[in-house]
file final02.cif (mmCIF, C-alpha atoms)
data_protein
loop_
_atom_site.label_atom_id
_atom_site.label_comp_id
_atom_site.auth_asym_id
_atom_site.auth_seq_id
_atom_site.Cartn_x
_atom_site.Cartn_y
_atom_site.Cartn_z
CA MET A 8 0.66 26.22 18.22
CA GLY A 9 1.21 24.67 14.78
CA ASP A 10 2.92 21.93 12.86
CA ALA A 11 5.97 23.36 11.11
CA ARG A 12 5.76 20.69 8.39
CA ILE A 13 2.07 21.11 7.62
CA GLN A 14 0.29 24.40 7.11
CA PRO A 15 -2.56 24.89 9.61
CA THR A 16 -5.87 23.76 8.17
CA PRO A 17 -8.86 26.12 8.38
CA VAL A 18 -11.88 26.11 10.63
CA ARG A 19 -15.02 26.71 8.60
CA ILE A 20 -18.47 27.72 9.80
CA ILE A 21 -21.28 25.96 7.94
CA GLU A 22 -25.04 25.63 8.29
CA TRP A 23 -26.23 22.07 8.89
CA PRO A 24 -29.86 21.34 7.98
CA GLY A 25 -32.09 21.03 11.04
CA PHE A 26 -29.26 21.84 13.38
CA GLY A 27 -27.79 25.26 12.76
CA ARG A 28 -24.24 26.55 12.58
CA ILE A 29 -21.31 24.24 13.28
CA TRP A 30 -17.55 24.59 13.11
CA VAL A 31 -15.62 22.25 10.80
CA LYS A 32 -11.88 21.65 11.12
CA ASP A 33 -11.04 20.82 7.52
CA GLU A 34 -8.19 18.29 7.30
CA SER A 35 -8.92 17.69 3.60
CA LEU A 36 -6.38 20.46 2.98
CA CYS A 37 -3.48 18.43 4.36
CA PRO A 38 -0.89 17.45 1.70
CA THR A 39 -2.41 14.07 0.79
CA GLY A 40 -5.93 15.15 1.67
CA THR A 41 -6.34 13.56 5.11
CA PHE A 42 -5.43 13.99 8.75
CA LYS A 43 -3.07 11.02 8.46
CA ASP A 44 -0.42 13.52 7.34
CA ARG A 45 -0.29 14.71 10.95
CA LEU A 46 0.97 11.29 12.08
CA SER A 47 3.47 11.05 9.22
CA SER A 48 4.83 14.49 10.01
CA ARG A 49 5.33 13.75 13.71
CA LEU A 50 6.91 10.40 12.88
CA GLU A 51 9.31 12.01 10.41
CA GLU A 52 10.34 14.49 13.09
CA SER A 53 10.84 11.70 15.65
CA LEU A 54 12.92 9.51 13.32
CA GLU A 55 15.12 12.45 12.42
CA ARG A 56 15.69 13.25 16.07
CA THR A 57 16.55 9.66 17.02
CA GLY A 58 18.75 8.94 14.00
CA LEU A 59 16.40 6.28 12.62
CA LEU A 60 15.64 8.01 9.35
CA THR A 61 17.69 5.51 7.35
CA PRO A 62 17.16 2.68 4.82
CA GLU A 63 17.61 0.25 7.72
CA THR A 64 14.26 1.34 9.19
CA ALA A 65 10.89 0.00 8.04
CA ILE A 66 7.59 1.70 8.85
CA GLY A 67 4.52 -0.52 8.81
CA SER A 68 0.81 -0.18 9.42
CA ILE A 69 -2.46 -1.99 9.06
CA THR A 70 -4.23 0.34 6.67
CA LEU A 71 -7.15 0.90 4.34
CA GLY A 72 -5.17 3.30 2.21
CA ASN A 73 -4.89 6.75 3.74
CA THR A 74 -2.20 5.94 6.30
CA LEU A 75 0.04 4.22 3.76
CA ALA A 76 -0.55 6.93 1.15
CA SER A 77 0.56 9.53 3.67
CA LEU A 78 3.59 7.51 4.82
CA ALA A 79 4.64 6.88 1.23
CA SER A 80 4.28 10.54 0.27
CA THR A 81 6.23 11.64 3.34
CA PHE A 82 9.10 9.16 3.44
CA LEU A 83 9.63 7.90 -0.10
CA ARG A 84 10.48 11.41 -1.27
CA ARG A 85 13.44 11.54 1.14
CA PRO A 86 17.00 11.26 -0.24
CA GLU A 87 18.04 7.64 -0.74
CA GLU A 88 20.33 7.64 2.28
CA GLU A 89 17.41 8.81 4.49
CA ARG A 90 14.65 6.72 2.94
CA PRO A 91 13.03 4.05 5.16
CA SER A 92 10.92 1.26 3.73
CA VAL A 93 7.16 1.76 3.89
CA PHE A 94 4.89 -1.26 4.31
CA GLY A 95 1.11 -1.66 4.55
CA VAL A 96 -1.13 -4.58 5.51
CA PHE A 97 -4.55 -4.43 3.84
CA PRO A 98 -7.54 -6.69 4.53
CA ALA A 99 -7.85 -9.75 2.31
CA GLY A 100 -9.87 -8.89 -0.78
CA PHE A 101 -9.09 -5.17 -0.61
CA GLY A 102 -8.11 -5.04 -4.26
CA ALA A 103 -11.63 -6.04 -5.30
CA ARG A 104 -13.29 -3.28 -3.29
CA THR A 105 -14.75 -0.06 -4.58
CA ILE A 106 -13.69 2.87 -2.42
CA GLY A 107 -16.09 5.79 -2.18
CA PRO A 108 -17.92 7.60 -3.58
CA ASP A 109 -16.73 10.87 -2.07
CA THR A 110 -18.51 14.24 -2.02
CA ALA A 111 -17.53 14.81 -5.66
CA GLY A 112 -19.00 11.45 -6.67
CA ARG A 113 -15.58 9.91 -7.30
CA SER A 114 -14.70 6.33 -6.48
CA MET A 115 -11.73 4.08 -7.16
CA ARG A 116 -10.84 0.41 -7.14
CA GLY A 117 -8.77 -0.92 -4.30
CA ALA A 118 -6.46 -2.57 -6.84
CA ASP A 119 -5.73 0.82 -8.41
CA LEU A 120 -4.73 2.26 -5.05
CA LEU A 121 -2.47 -0.70 -4.29
CA ALA A 122 -0.81 -0.36 -7.71
CA ARG A 123 -0.13 3.34 -7.24
CA LEU A 124 1.36 2.77 -3.79
CA GLU A 125 3.64 0.12 -5.21
CA ARG A 126 4.73 2.44 -8.01
CA LEU A 127 5.76 4.94 -5.35
CA GLY A 128 7.93 2.26 -3.75
CA ALA A 129 5.68 1.10 -0.90
CA ARG A 130 5.35 -2.62 -0.21
CA VAL A 131 1.84 -3.98 0.35
CA ILE A 132 0.21 -7.25 1.28
CA GLU A 133 -3.39 -8.37 1.68
CA HIS A 134 -3.98 -10.48 4.78
CA PRO A 135 -7.06 -11.98 6.55
CA LEU A 136 -7.08 -9.49 9.40
CA GLU A 137 -10.22 -10.95 10.97
CA GLU A 138 -8.42 -14.17 11.91
CA ARG A 139 -6.34 -12.75 14.75
CA TYR A 140 -4.72 -9.62 16.09
CA LEU A 141 -1.45 -8.80 14.35
CA ASP A 142 1.21 -7.97 16.91
CA GLY A 143 4.52 -6.34 16.05
CA ALA A 144 6.30 -9.64 15.43
CA SER A 145 3.56 -10.76 13.03
CA MET A 146 3.76 -7.45 11.16
CA GLN A 147 7.50 -7.88 10.78
CA ARG A 148 7.12 -11.39 9.39
CA LEU A 149 4.62 -10.16 6.81
CA ALA A 150 7.00 -7.36 5.82
CA GLU A 151 9.77 -9.88 5.29
CA GLN A 152 7.44 -11.96 3.12
CA VAL A 153 7.21 -9.12 0.59
CA GLY A 154 10.95 -8.49 0.62
CA VAL A 155 11.28 -5.67 3.14
CA ARG A 156 14.68 -5.73 4.85
CA PHE A 157 15.28 -3.80 8.05
CA ARG A 158 17.11 -3.51 11.34
CA GLN A 159 14.39 -1.45 13.02
CA PHE A 160 10.66 -1.89 12.47
CA VAL A 161 8.20 0.85 13.50
CA ASP A 162 4.54 -0.23 13.62
CA VAL A 163 2.30 2.83 13.57
CA THR A 164 -1.05 1.01 13.41
CA ASN A 165 -1.95 2.22 16.89
CA GLY A 166 -0.06 5.48 16.79
CA ILE A 167 3.47 6.52 17.64
CA ASP A 168 5.25 7.35 20.89
CA ALA A 169 4.24 11.02 20.64
CA PRO A 170 0.79 12.60 20.23
CA ALA A 171 0.13 13.01 16.51
CA TYR A 172 -3.39 14.42 16.26
CA ARG A 173 -3.95 16.71 19.23
CA ILE A 174 -2.46 19.50 17.11
CA ILE A 175 -5.75 19.47 15.18
CA LEU A 176 -7.64 20.72 18.23
CA GLU A 177 -4.76 22.93 19.32
CA GLU A 178 -5.14 24.76 16.01
CA ALA A 179 -8.94 24.79 16.10
CA LEU A 180 -9.75 25.97 19.63
CA PRO A 181 -8.22 29.47 19.31
CA GLU A 182 -10.13 30.01 16.06
CA ILE A 183 -13.41 29.12 17.74
CA GLY A 184 -12.63 31.68 20.42
CA PRO A 185 -14.60 32.19 23.63
CA ALA A 186 -17.78 30.44 22.48
CA PRO A 187 -18.78 27.63 24.89
CA LEU A 188 -18.04 24.54 22.83
CA ASP A 189 -20.38 21.67 23.78
CA TYR A 190 -19.29 18.78 21.55
CA VAL A 191 -16.41 17.64 19.39
CA ILE A 192 -17.26 14.90 16.86
CA VAL A 193 -14.57 12.74 15.25
CA PRO A 194 -14.56 9.54 13.17
CA VAL A 195 -13.08 6.48 14.91
CA GLY A 196 -11.05 3.78 13.20
CA ALA A 197 -8.07 2.85 15.34
CA GLY A 198 -9.35 5.48 17.80
CA ILE A 199 -6.16 7.53 18.18
CA LEU A 200 -7.74 10.84 17.12
CA PHE A 201 -10.63 10.24 19.53
CA GLN A 202 -8.32 9.43 22.44
CA GLU A 203 -6.04 12.40 21.86
CA ALA A 204 -9.02 14.75 21.57
CA VAL A 205 -10.39 13.56 24.92
CA GLN A 206 -6.99 13.82 26.59
CA LEU A 207 -6.35 17.35 25.36
CA LEU A 208 -9.76 18.68 26.41
CA ARG A 209 -9.55 17.09 29.86
CA GLU A 210 -6.02 18.39 30.42
CA ARG A 211 -7.30 21.88 29.69
CA GLY A 212 -10.36 21.50 31.89
CA HIS A 213 -12.61 21.94 28.86
CA HIS A 214 -16.18 20.78 29.34
CA ALA A 215 -16.84 19.79 25.69
CA VAL A 216 -17.88 16.16 25.25
CA VAL A 217 -16.15 14.11 22.57
CA ARG A 218 -18.34 11.90 20.40
CA GLY A 219 -16.58 9.30 18.30
CA VAL A 220 -18.37 7.72 15.35
CA SER A 221 -17.65 4.32 13.83
CA VAL A 222 -19.08 1.37 11.86
CA LEU A 223 -19.10 -2.38 12.42
CA SER A 224 -19.02 -3.67 8.86
CA GLY A 225 -16.04 -3.95 6.57
CA ASN A 226 -18.55 -3.57 3.72
CA SER A 227 -19.71 -0.15 4.94
CA ILE A 228 -19.10 2.76 2.59
CA ALA A 229 -17.14 4.16 5.55
CA ASP A 230 -14.84 1.14 5.47
CA LYS A 231 -11.83 3.05 6.82
CA LEU A 232 -13.59 3.15 10.18
CA PHE A 233 -13.85 -0.61 10.47
CA GLY A 234 -10.97 -1.89 12.57
CA TYR A 235 -10.62 -5.15 14.45
CA TYR A 236 -7.61 -3.56 16.13
CA SER A 237 -9.62 -0.69 17.64
CA PRO A 238 -9.81 -0.79 21.46
CA TYR A 239 -13.50 0.08 21.10
CA TYR A 240 -14.44 -2.67 18.66
CA ASP A 241 -15.57 -5.32 21.16
CA ASP A 242 -17.74 -2.93 23.16
CA LEU A 243 -19.27 -1.55 19.97
CA ARG A 244 -20.06 -5.05 18.77
CA LYS A 245 -21.66 -6.02 22.09
CA ARG A 246 -23.44 -2.80 23.07
CA ALA A 247 -23.28 -0.45 20.04
CA VAL A 248 -21.54 2.11 22.26
CA ALA A 249 -18.11 2.31 23.86
CA GLN A 250 -17.01 4.70 26.60
CA TYR A 251 -13.58 6.29 26.62
CA ALA A 252 -13.30 5.21 30.26
CA PRO A 253 -15.75 3.92 32.89
CA GLY A 254 -18.11 6.71 33.83
CA SER A 255 -16.88 8.99 31.04
CA SER A 256 -19.36 10.99 28.97
CA ASP A 257 -16.93 10.75 26.05
CA ARG A 258 -17.96 7.79 23.94
CA VAL A 259 -17.98 6.11 20.54
CA GLU A 260 -21.27 5.37 18.77
CA LEU A 261 -22.29 3.62 15.55
CA VAL A 262 -23.81 5.20 12.45
CA ASP A 263 -25.31 3.44 9.44
CA ASP A 264 -24.66 3.84 5.74
CA GLY A 265 -27.97 5.58 5.14
CA ALA A 266 -27.06 8.41 7.51
CA ILE A 267 -23.56 8.60 6.05
CA SER A 268 -24.93 8.87 2.51
CA GLU A 269 -27.25 11.69 3.60
CA ALA A 270 -24.32 13.51 5.18
CA LEU A 271 -22.29 13.10 1.98
CA GLY A 272 -25.11 14.76 0.05
CA VAL A 273 -25.18 17.74 2.41
CA LEU A 274 -21.40 18.10 2.34
CA ARG A 275 -21.44 17.96 -1.45
CA ALA A 276 -23.95 20.81 -1.57
CA ILE A 277 -21.94 22.88 0.90
CA GLY A 278 -18.63 22.23 -0.85
CA VAL A 279 -16.83 20.29 1.88
CA ASP A 280 -14.38 17.72 0.46
CA ALA A 281 -14.83 14.43 2.32
CA GLU A 282 -14.91 10.69 1.81
CA PRO A 283 -17.55 8.50 3.51
CA SER A 284 -15.37 7.73 6.54
CA ALA A 285 -15.08 11.45 7.24
CA ALA A 286 -18.76 12.13 6.50
CA ALA A 287 -19.70 9.62 9.22
CA ALA A 288 -18.87 12.24 11.85
CA PHE A 289 -21.43 14.63 10.38
CA ALA A 290 -24.04 11.87 10.39
CA ALA A 291 -24.00 12.01 14.20
CA LEU A 292 -25.19 15.63 14.36
CA SER A 293 -28.85 14.58 14.40
CA ARG A 294 -28.30 12.93 17.81
CA LEU A 295 -27.16 16.13 19.51
CA PRO A 296 -29.41 18.84 20.93
CA ALA A 297 -30.19 21.37 18.21
CA GLY A 298 -28.34 24.61 18.75
CA SER A 299 -25.39 22.99 20.53
CA ASN A 300 -21.99 24.47 19.77
CA VAL A 301 -20.25 21.71 17.86
CA LEU A 302 -16.86 21.23 16.23
CA VAL A 303 -16.69 18.42 13.66
CA VAL A 304 -13.28 17.22 12.52
CA ASN A 305 -13.46 16.51 8.79
CA THR A 306 -10.68 13.94 8.56
CA GLY A 307 -10.54 14.55 4.82
CA ASN A 308 -10.68 12.81 1.49
CA GLY A 309 -8.02 10.34 0.41
CA ILE A 310 -9.91 9.31 -2.72
CA PRO A 311 -8.66 12.11 -5.01
CA TRP A 312 -5.11 11.15 -4.04
CA GLY A 313 -5.66 8.06 -6.15
CA HIS A 314 -6.74 10.14 -9.15
CA GLY A 315 -3.63 12.27 -9.52
CA PRO A 316 -1.74 15.04 -7.72
CA ARG A 317 -3.79 17.35 -5.57
#

call {"tool": "encode", "arguments": {"input": "final02.cif", "output": "structure tokens"}}
result
Amino acid sequence: MGDARIQPTPVRIIEWPGFGRIWVKDESLCPTGTFKDRLSSRLEESLERTGLLTPETAIGSITLGNTLASLASTFLRRPEEERPSVFGVFPAGFGARTIGPDTAGRSMRGADLLARLERLGARVIEHPLEERYLDGASMQRLAEQVGVRFRQFVDVTNGIDAPAYRIILEEALPEIGPAPLDYVIVPVGAGILFQEAVQLLRERGHHAVVRGVSVLSGNSIADKLFGYYSPYYDDLRKRAVAQYAPGSSDRVELVDDGAISEALGVLRAIGVDAEPSAAAAFAALSRLPAGSNVLVVNTGNGIPWGHGPR
């Protein structure tokens, strides 16, 4: 099964030091360089089907760049009569951040990313996200503050009404073939990819355990994984681990910047294109039994998107 709007991304086999061979689902080859294009594609399909692909619709998200870059690239290229507004809420102070470096050693200023998104036609605002949870009504008020006008507002911060990311595993599993897969490792920000991976594997009676990987600091080099809005955030803050459900072996764990930096170095040597938030998943390999059959989802590299067309 595939996504008609996005070419299937490859599964690579690589050697990981001290571990052995692993499979890597490489989402860096999506149009804007990250798995966020999967969500944008499904949303575009849904809005077309429901007649909401119009200038009277606004699409909003809390974001650290990749989601809004994907939404802007997907929707702001539509004909004017089919072009919704695209709006992103960034953490306060985002413009002063340095994003990266990625596996090619590139980094960029948050302000440069915001400026490019605005040149594309997206509306952006920086907001103190740590103060309180932003519900849909709050998101709409912020959109109105920056001049977005709409009849319908679609908040995709916590996903959309249809599964957006399970297609990643649906593409990967047939390529892996009959080998007994033991673990699937994914980065966790909002947690949607993690949840959809667990749901798909359990529906299929697959025994592979899903390990999610996250961080607890907005100053981490993997800053795209830091989300107050994640359903796993409180448990991670209290116990450094969060289960998918009570009694589940599928869980989210924390990794530190040192391990992420080491993973970036290995990925650079191998030639895998990834930003720190994607490399965090590889940093968790050292916690698994050596020789396990593992699939790591490389969620990609949004940093080059800010340096020019891919």

call {"tool": "resolve_selection", "arguments": {"input": "final02.cif", "expression": "the PyMOL selection byres ((chain A and resi 37) around 12)", "output": "VMD selection string"}}
result
chain A and resid 10 12 to 17 32 to 36 38 to 48 73 77 80 to 81 175 280 305 to 309 312 317

call {"tool": "atom_distance", "arguments": {"input": "final02.cif", "atom1": "CA of Glu182 in chain A", "atom2": "CA of Val195 in chain A"}}
result
23.7 Å

call {"tool": "resolve_selection", "arguments": {"input": "final02.cif", "expression": "the PyMOL selection byres ((chain A and resi 138-146) around 12)", "output": "ChimeraX atom specification"}}
result
/A:65-69,94-99,131-137,147-153,155,159-165,234-238

call {"tool": "atom_distance", "arguments": {"input": "final02.cif", "atom1": "CA of Gly102 in chain A", "atom2": "CA of Lys231 in chain A"}}
result
14.2 Å

call {"tool": "residues_near_point", "arguments": {"input": "final02.cif", "point": "(-20.1, 0.4, -5.9)", "cutoff": "10 Å", "atoms": "all atoms listed in the file", "output": "VMD selection string"}}
result
chain A and resid 104 to 108 114 to 116 228

call {"tool": "atom_distance", "arguments": {"input": "final02.cif", "atom1": "CA of Glu125 in chain A", "atom2": "CA of Ser221 in chain A"}}
result
28.9 Å

call {"tool": "resolve_selection", "arguments": {"input": "final02.cif", "expression": "the PyMOL selection byres ((chain A and resi 247) around 9)", "output": "list in words"}}
result
Leu223, Asp242, Leu243, Arg244, Lys245, Arg246, Val248, Ala249, Val259, Glu260 and Leu261 of chain A

call {"tool": "closest_residue", "arguments": {"input": "final02.cif", "among": "A:Ala281, A:Leu292, A:Ala79, A:Ala118", "to": "Ala266 in chain A", "atoms": "all atoms listed in the file"}}
result
A:Leu292

call {"tool": "closest_residue", "arguments": {"input": "final02.cif", "among": "A:Val222, A:Ala285, A:Val205, A:Ile167", "to": "Val191 in chain A", "atoms": "all atoms listed in the file"}}
result
A:Val205

call {"tool": "closest_residue", "arguments": {"input": "final02.cif", "among": "A:Leu50, A:Val262, A:Ala276, A:Val301", "to": "Phe233 in chain A", "atoms": "only C-alpha atoms"}}
result
A:Val262
